[in-house]
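Structure file protein22.pdb (PDB, C-alpha atoms and all ligand atoms) follows.
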```pdb
ATOM      1  CA  MET K   1       0.000   0.000   0.000  1.00  0.00           C
ATOM      2  CA  SER K   2       1.429   3.367  -1.026  1.00  0.00           C
ATOM      3  CA  GLN K   3       1.363   6.480   1.143  1.00  0.00           C
ATOM      4  CA  GLU K   4      -1.296   8.044  -1.106  1.00  0.00           C
ATOM      5  CA  GLY K   5      -3.355   4.888  -0.768  1.00  0.00           C
ATOM      6  CA  ASN K   6      -3.268   5.241   2.986  1.00  0.00           C
ATOM      7  CA  MET K   7      -4.188   8.892   2.800  1.00  0.00           C
ATOM      8  CA  ARG K   8      -7.256   8.114   0.715  1.00  0.00           C
ATOM      9  CA  ARG K   9      -8.569   5.763   3.362  1.00  0.00           C
ATOM     10  CA  VAL K  10      -9.437   8.656   5.591  1.00  0.00           C
ATOM     11  CA  THR K  11     -11.362  11.670   4.407  1.00  0.00           C
ATOM     12  CA  ALA K  12      -9.319  14.834   4.591  1.00  0.00           C
ATOM     13  CA  ILE K  13     -10.306  17.055   7.473  1.00  0.00           C
ATOM     14  CA  LYS K  14     -10.576  20.813   7.304  1.00  0.00           C
ATOM     15  CA  ASN K  15      -9.312  21.688  10.782  1.00  0.00           C
ATOM     16  CA  GLY K  16      -8.066  19.521  13.603  1.00  0.00           C
ATOM     17  CA  THR K  17      -5.345  17.059  14.549  1.00  0.00           C
ATOM     18  CA  VAL K  18      -4.096  13.955  12.755  1.00  0.00           C
ATOM     19  CA  ILE K  19      -2.183  11.356  14.743  1.00  0.00           C
ATOM     20  CA  ASP K  20      -0.416   8.932  12.408  1.00  0.00           C
ATOM     21  CA  HIS K  21       1.913   5.966  13.022  1.00  0.00           C
ATOM     22  CA  VAL K  22       0.051   4.807  16.100  1.00  0.00           C
ATOM     23  CA  PRO K  23       0.976   1.141  16.759  1.00  0.00           C
ATOM     24  CA  ALA K  24      -1.725  -1.122  15.288  1.00  0.00           C
ATOM     25  CA  GLY K  25      -4.512  -1.731  17.763  1.00  0.00           C
ATOM     26  CA  LYS K  26      -3.548   1.152  20.088  1.00  0.00           C
ATOM     27  CA  ALA K  27      -5.888   3.803  18.694  1.00  0.00           C
ATOM     28  CA  LEU K  28      -8.518   3.235  21.371  1.00  0.00           C
ATOM     29  CA  SER K  29      -5.907   3.561  24.133  1.00  0.00           C
ATOM     30  CA  VAL K  30      -4.759   6.817  22.550  1.00  0.00           C
ATOM     31  CA  LEU K  31      -8.305   8.180  22.570  1.00  0.00           C
ATOM     32  CA  LYS K  32      -8.675   7.169  26.193  1.00  0.00           C
ATOM     33  CA  MET K  33      -5.432   8.925  27.122  1.00  0.00           C
ATOM     34  CA  LEU K  34      -6.625  12.076  25.430  1.00  0.00           C
ATOM     35  CA  GLY K  35      -9.941  11.931  27.237  1.00  0.00           C
ATOM     36  CA  ILE K  36     -11.788  11.556  23.927  1.00  0.00           C
ATOM     37  CA  GLU K  37     -14.885   9.524  24.652  1.00  0.00           C
ATOM     38  CA  GLY K  38     -17.898   8.613  22.556  1.00  0.00           C
ATOM     39  CA  ASP K  39     -19.998  11.450  23.906  1.00  0.00           C
ATOM     40  CA  MET K  40     -17.741  14.284  22.805  1.00  0.00           C
ATOM     41  CA  SER K  41     -19.000  16.626  20.135  1.00  0.00           C
ATOM     42  CA  ASN K  42     -15.969  16.659  17.836  1.00  0.00           C
ATOM     43  CA  PRO K  43     -16.094  14.151  14.998  1.00  0.00           C
ATOM     44  CA  VAL K  44     -13.321  11.552  15.251  1.00  0.00           C
ATOM     45  CA  SER K  45     -12.189   9.237  12.436  1.00  0.00           C
ATOM     46  CA  LEU K  46     -10.290   6.086  13.239  1.00  0.00           C
ATOM     47  CA  VAL K  47      -8.482   3.836  10.832  1.00  0.00           C
ATOM     48  CA  MET K  48      -7.018   0.705  12.326  1.00  0.00           C
ATOM     49  CA  ASN K  49      -4.560  -1.891  11.019  1.00  0.00           C
ATOM     50  CA  VAL K  50      -3.501  -0.006   7.921  1.00  0.00           C
ATOM     51  CA  PRO K  51      -0.449  -1.608   6.304  1.00  0.00           C
ATOM     52  CA  SER K  52       2.668   0.461   6.990  1.00  0.00           C
ATOM     53  CA  LYS K  53       6.117  -0.002   5.506  1.00  0.00           C
ATOM     54  CA  LYS K  54       7.760   1.316   8.633  1.00  0.00           C
ATOM     55  CA  MET K  55       5.662  -0.491  11.229  1.00  0.00           C
ATOM     56  CA  GLY K  56       3.967  -3.454   9.548  1.00  0.00           C
ATOM     57  CA  GLY K  57       0.594  -2.114  10.644  1.00  0.00           C
ATOM     58  CA  LYS K  58      -0.571   1.131  12.146  1.00  0.00           C
ATOM     59  CA  ASP K  59      -3.586   3.100  13.273  1.00  0.00           C
ATOM     60  CA  ILE K  60      -4.474   6.657  12.278  1.00  0.00           C
ATOM     61  CA  ILE K  61      -6.697   9.026  14.251  1.00  0.00           C
ATOM     62  CA  LYS K  62      -8.239  12.265  13.030  1.00  0.00           C
ATOM     63  CA  VAL K  63      -9.873  14.596  15.493  1.00  0.00           C
ATOM     64  CA  GLU K  64     -11.821  17.384  13.843  1.00  0.00           C
ATOM     65  CA  ASP K  65     -11.978  20.951  15.144  1.00  0.00           C
ATOM     66  CA  ARG K  66      -9.586  20.321  17.990  1.00  0.00           C
ATOM     67  CA  GLU K  67      -5.873  21.123  18.131  1.00  0.00           C
ATOM     68  CA  LEU K  68      -4.160  18.963  20.689  1.00  0.00           C
ATOM     69  CA  ASN K  69      -1.516  20.740  22.730  1.00  0.00           C
ATOM     70  CA  GLN K  70       1.969  19.544  23.605  1.00  0.00           C
ATOM     71  CA  SER K  71       1.144  18.388  27.133  1.00  0.00           C
ATOM     72  CA  GLU K  72      -1.790  16.333  25.835  1.00  0.00           C
ATOM     73  CA  LEU K  73       0.443  14.805  23.180  1.00  0.00           C
ATOM     74  CA  ASP K  74       3.227  13.971  25.604  1.00  0.00           C
ATOM     75  CA  LYS K  75       0.820  11.644  27.422  1.00  0.00           C
ATOM     76  CA  LEU K  76       0.840   9.492  24.310  1.00  0.00           C
ATOM     77  CA  ALA K  77       4.475   8.562  24.927  1.00  0.00           C
ATOM     78  CA  LEU K  78       3.178   5.634  26.985  1.00  0.00           C
ATOM     79  CA  VAL K  79       1.341   4.004  24.064  1.00  0.00           C
ATOM     80  CA  ALA K  80       2.479   5.700  20.854  1.00  0.00           C
ATOM     81  CA  PRO K  81       5.915   7.246  21.420  1.00  0.00           C
ATOM     82  CA  ASP K  82       6.742   7.338  17.699  1.00  0.00           C
ATOM     83  CA  ALA K  83       3.434   8.664  16.435  1.00  0.00           C
ATOM     84  CA  SER K  84       3.592  11.646  14.123  1.00  0.00           C
ATOM     85  CA  VAL K  85       1.178  14.451  14.791  1.00  0.00           C
ATOM     86  CA  ALA K  86       0.003  17.161  12.431  1.00  0.00           C
ATOM     87  CA  ILE K  87      -2.209  20.131  13.153  1.00  0.00           C
ATOM     88  CA  ILE K  88      -4.471  20.761  10.158  1.00  0.00           C
ATOM     89  CA  ARG K  89      -5.840  24.168   9.238  1.00  0.00           C
ATOM     90  CA  ALA K  90      -7.830  24.765   6.059  1.00  0.00           C
ATOM     91  CA  TYR K  91      -7.074  21.234   4.764  1.00  0.00           C
ATOM     92  CA  SER K  92      -3.286  21.573   4.988  1.00  0.00           C
ATOM     93  CA  VAL K  93      -0.636  20.789   7.554  1.00  0.00           C
ATOM     94  CA  ALA K  94      -0.080  23.942   9.602  1.00  0.00           C
ATOM     95  CA  GLU K  95       2.211  22.449  12.224  1.00  0.00           C
ATOM     96  CA  LYS K  96       3.996  19.174  12.863  1.00  0.00           C
ATOM     97  CA  MET K  97       4.443  18.120  16.450  1.00  0.00           C
ATOM     98  CA  GLU K  98       6.482  15.456  18.190  1.00  0.00           C
ATOM     99  CA  ILE K  99       5.668  13.408  21.214  1.00  0.00           C
ATOM    100  CA  ASN K 100       8.293  13.778  23.918  1.00  0.00           C
ATOM    101  CA  LEU K 101       8.972  11.048  26.414  1.00  0.00           C
ATOM    102  CA  THR K 102      10.290  12.907  29.433  1.00  0.00           C
ATOM    103  CA  GLU K 103      12.504  11.275  32.076  1.00  0.00           C
ATOM    104  CA  GLU K 104       9.608  11.221  34.453  1.00  0.00           C
ATOM    105  CA  VAL K 105       5.916  10.898  33.603  1.00  0.00           C
ATOM    106  CA  VAL K 106       4.031  12.951  36.175  1.00  0.00           C
ATOM    107  CA  ASN K 107       0.290  12.744  36.822  1.00  0.00           C
ATOM    108  CA  VAL K 108      -0.548  10.754  33.691  1.00  0.00           C
ATOM    109  CA  ALA K 109      -1.218   7.349  35.230  1.00  0.00           C
ATOM    110  CA  ARG K 110      -1.360   5.843  38.690  1.00  0.00           C
ATOM    111  CA  CYS K 111       1.087   3.170  39.928  1.00  0.00           C
ATOM    112  CA  THR K 112      -0.303  -0.314  39.211  1.00  0.00           C
ATOM    113  CA  PHE K 113       0.909  -1.782  42.517  1.00  0.00           C
ATOM    114  CA  SER K 114      -1.999  -1.934  44.946  1.00  0.00           C
ATOM    115  CA  ASN K 115       0.122  -1.498  48.108  1.00  0.00           C
ATOM    116  CA  CYS K 116       1.817   1.655  46.843  1.00  0.00           C
ATOM    117  CA  ILE K 117       1.672   4.758  49.038  1.00  0.00           C
ATOM    118  CA  THR K 118       0.134   6.708  46.131  1.00  0.00           C
ATOM    119  CA  VAL K 119      -3.004   4.562  46.397  1.00  0.00           C
ATOM    120  CA  ASN K 120      -3.629   5.845  49.935  1.00  0.00           C
ATOM    121  CA  PRO K 121      -6.081   8.765  49.709  1.00  0.00           C
ATOM    122  CA  ARG K 122      -4.631  10.245  52.918  1.00  0.00           C
ATOM    123  CA  GLU K 123      -1.268  10.642  51.200  1.00  0.00           C
ATOM    124  CA  PRO K 124      -2.029  12.938  48.277  1.00  0.00           C
ATOM    125  CA  LEU K 125       1.178  12.632  46.284  1.00  0.00           C
ATOM    126  CA  PRO K 126       1.814  13.431  42.633  1.00  0.00           C
ATOM    127  CA  HIS K 127       1.879  10.278  40.510  1.00  0.00           C
ATOM    128  CA  ARG K 128       5.479   9.967  39.350  1.00  0.00           C
ATOM    129  CA  LEU K 129       6.752   7.251  37.033  1.00  0.00           C
ATOM    130  CA  VAL K 130      10.422   7.181  36.116  1.00  0.00           C
ATOM    131  CA  VAL K 131      11.387   6.069  32.607  1.00  0.00           C
ATOM    132  CA  THR K 132      14.108   3.432  33.058  1.00  0.00           C
ATOM    133  CA  SER K 133      14.170   2.214  29.455  1.00  0.00           C
ATOM    134  CA  ARG K 134      12.839   3.711  26.236  1.00  0.00           C
ATOM    135  CA  ASP K 135      12.961   0.709  23.928  1.00  0.00           C
ATOM    136  CA  PRO K 136      11.248  -1.358  25.114  1.00  0.00           C
ATOM    137  CA  LEU K 137       9.447   1.185  27.263  1.00  0.00           C
ATOM    138  CA  GLU K 138       9.875   0.522  30.970  1.00  0.00           C
ATOM    139  CA  LEU K 139       8.702   2.675  33.843  1.00  0.00           C
ATOM    140  CA  ARG K 140       9.132   2.385  37.568  1.00  0.00           C
ATOM    141  CA  CYS K 141       7.125   4.045  40.288  1.00  0.00           C
ATOM    142  CA  ARG K 142       9.098   6.831  41.997  1.00  0.00           C
ATOM    143  CA  TYR K 143       7.757   5.730  45.388  1.00  0.00           C
ATOM    144  CA  CYS K 144       7.567   1.928  45.526  1.00  0.00           C
ATOM    145  CA  GLY K 145      10.129   1.237  42.789  1.00  0.00           C
ATOM    146  CA  LYS K 146       7.950  -1.378  41.072  1.00  0.00           C
ATOM    147  CA  THR K 147       8.248  -1.880  37.339  1.00  0.00           C
ATOM    148  CA  GLN K 148       4.926  -0.988  35.793  1.00  0.00           C
ATOM    149  CA  ASP K 149       2.823  -3.085  33.465  1.00  0.00           C
ATOM    150  CA  ILE K 150       2.121  -0.752  30.515  1.00  0.00           C
ATOM    151  CA  ASP K 151      -1.347  -2.183  29.827  1.00  0.00           C
ATOM    152  CA  GLY K 152      -2.128  -1.813  33.529  1.00  0.00           C
ATOM    153  CA  LEU K 153      -1.076   1.818  33.363  1.00  0.00           C
ATOM    154  CA  ILE K 154      -3.481   2.414  30.498  1.00  0.00           C
ATOM    155  CA  ASP K 155      -6.268   1.189  32.787  1.00  0.00           C
ATOM    156  CA  ASN K 156      -4.943   3.522  35.498  1.00  0.00           C
ATOM    157  CA  LEU K 157      -4.896   6.757  33.547  1.00  0.00           C
ATOM    158  CA  LEU K 158      -5.690   9.809  35.614  1.00  0.00           C
TER     159      LEU K 158
HETATM  160 ZN    ZN Q 201       4.086   2.712  43.361  1.00  0.00          ZN
END
```
Once you've parsed the file, please lay out its structure as C-alpha cells.
Ligand SMILES: [Zn+2]
Amino acid sequence: MSQEGNMRRVTAIKNGTVIDHVPAGKALSVLKMLGIEGDMSNPVSLVMNVPSKKMGGKDIIKVEDRELNQSELDKLALVAPDASVAIIRAYSVAEKMEINLTEEVVNVARCTFSNCITVNPREPLPHRLVVTSRDPLELRCRYCGKTQDIDGLIDNLL
C-alpha cells in the first residue's frame, strides 16, 4: 500500500489534529489517554490496522476541530511514542508536532501496585513514574520502585 493509498482511506479534514503511526490496535488507548470519549462533540475518524512499511501495521486518528496541545500529546508517549502528529488548518498541515517522552511521567497514570503509598487517599502525592528504558518502554514508580505493566497503566490513567 502506497502512502497516497493510505491517505485516501481517511477523508481529509478541514481543521483539527491527525495522529499517524500509532501502533496497530492502540488507537482506542490513545483516545482514552486524550480523554476523547464517545460522547464528545468533535467528529473523530479512526483507521485501524492499515499496512505500513515502517511499522507493519498502524492506526491513524483524526480529530476534527480540535488542536491537541503539547502536554496532551506527551501523554501518548506511553502508548504511541513514535506517532507523528500534524495540526491541520484549512485542509493543509499547519504544524507538525512530536511526542516527547520525558525522564519522568508525572500525573498521567497511577502506579499499578496496589500497596503503593500513592493509592492511599490520605497521602495525596503526585503520581510519578520514572522512565528506566525507552525501547522497550519501561517505567518504575518513583515511590515503591515497582516496574509498571504498561497495559495496567493504560487502565490507570488519571
Ligand atoms: Zn508505586
Hey, which bits of chain K sit within 6 Å of ligand ZN 201 (chain Q), and for each residue what's the closest pair of atoms and how far apart in Å (one decimal), counting all atoms listed in the file, rows by chain and increasing number, as a Markdown table?
```
| residue | atom | partner | partner_atom | distance |
| --- | --- | --- | --- | --- |
| K:Cys111 | CA | Q:ZN201 | ZN | 4.6 |
| K:Phe113 | CA | Q:ZN201 | ZN | 5.6 |
| K:Cys116 | CA | Q:ZN201 | ZN | 4.3 |
| K:Cys141 | CA | Q:ZN201 | ZN | 4.5 |
| K:Tyr143 | CA | Q:ZN201 | ZN | 5.2 |
| K:Cys144 | CA | Q:ZN201 | ZN | 4.2 |
```
Residues within 9 Å of (-4.1, 15.9, 12.9), file coords, all atoms listed in the file, listed as a VMD selection string: chain K and resid 13 15 to 20 61 to 64 66 to 68 84 to 88 93 96
Residues matched by the PyMOL selection byres (((chain K and resi 110) around 12) and not hetatm) as a ChimeraX atom specification: /K:105-109,111-114,116-120,124-129,139-144,148-158
Coordinates-based distance that separates CA of Ala77 (chain K) from CA of Asn100 (chain K) (Å, one decimal):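 Between these atoms lies a distance of 6.5 Å.
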Coordinates-based distance that separates CA of Asp82 (chain K) from CA of Leu34 (chain K) (Å, one decimal): 16.2 Å
Contact residues around Lys26 (chain K) with all atoms listed in the file at 8 Å, ignoring same-chain residues under 5 positions, as an MDAnalysis selection string: chainID K and resid 59 79:80
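Shortest separation to Val50 (chain K) among K:Glu104, K:Thr147, K:Arg134, K:Gly25 occurs at residue K:Gly25, atoms counted being only C-alpha atoms.
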Nearest candidate to Gly57 (chain K) (options K:Ile36, K:Arg122, K:Ala24, K:Ser133; using only C-alpha atoms): K:Ala24
Two-atom distance - CA of Leu137 (chain K), CA of Glu95 (chain K) (Å): 27.0 Å
Kindly provide, as lines of an AutoDock Vina configuration file, the centre and edge lengths (Å, one decimal) of an axis-aligned box around all atoms of region 69-88 of chain K given in the file, with 3 Å on each side.
```
center_x = 1.1
center_y = 12.4
center_z = 18.8
size_x = 17.2
size_y = 22.8
size_z = 23.3
```
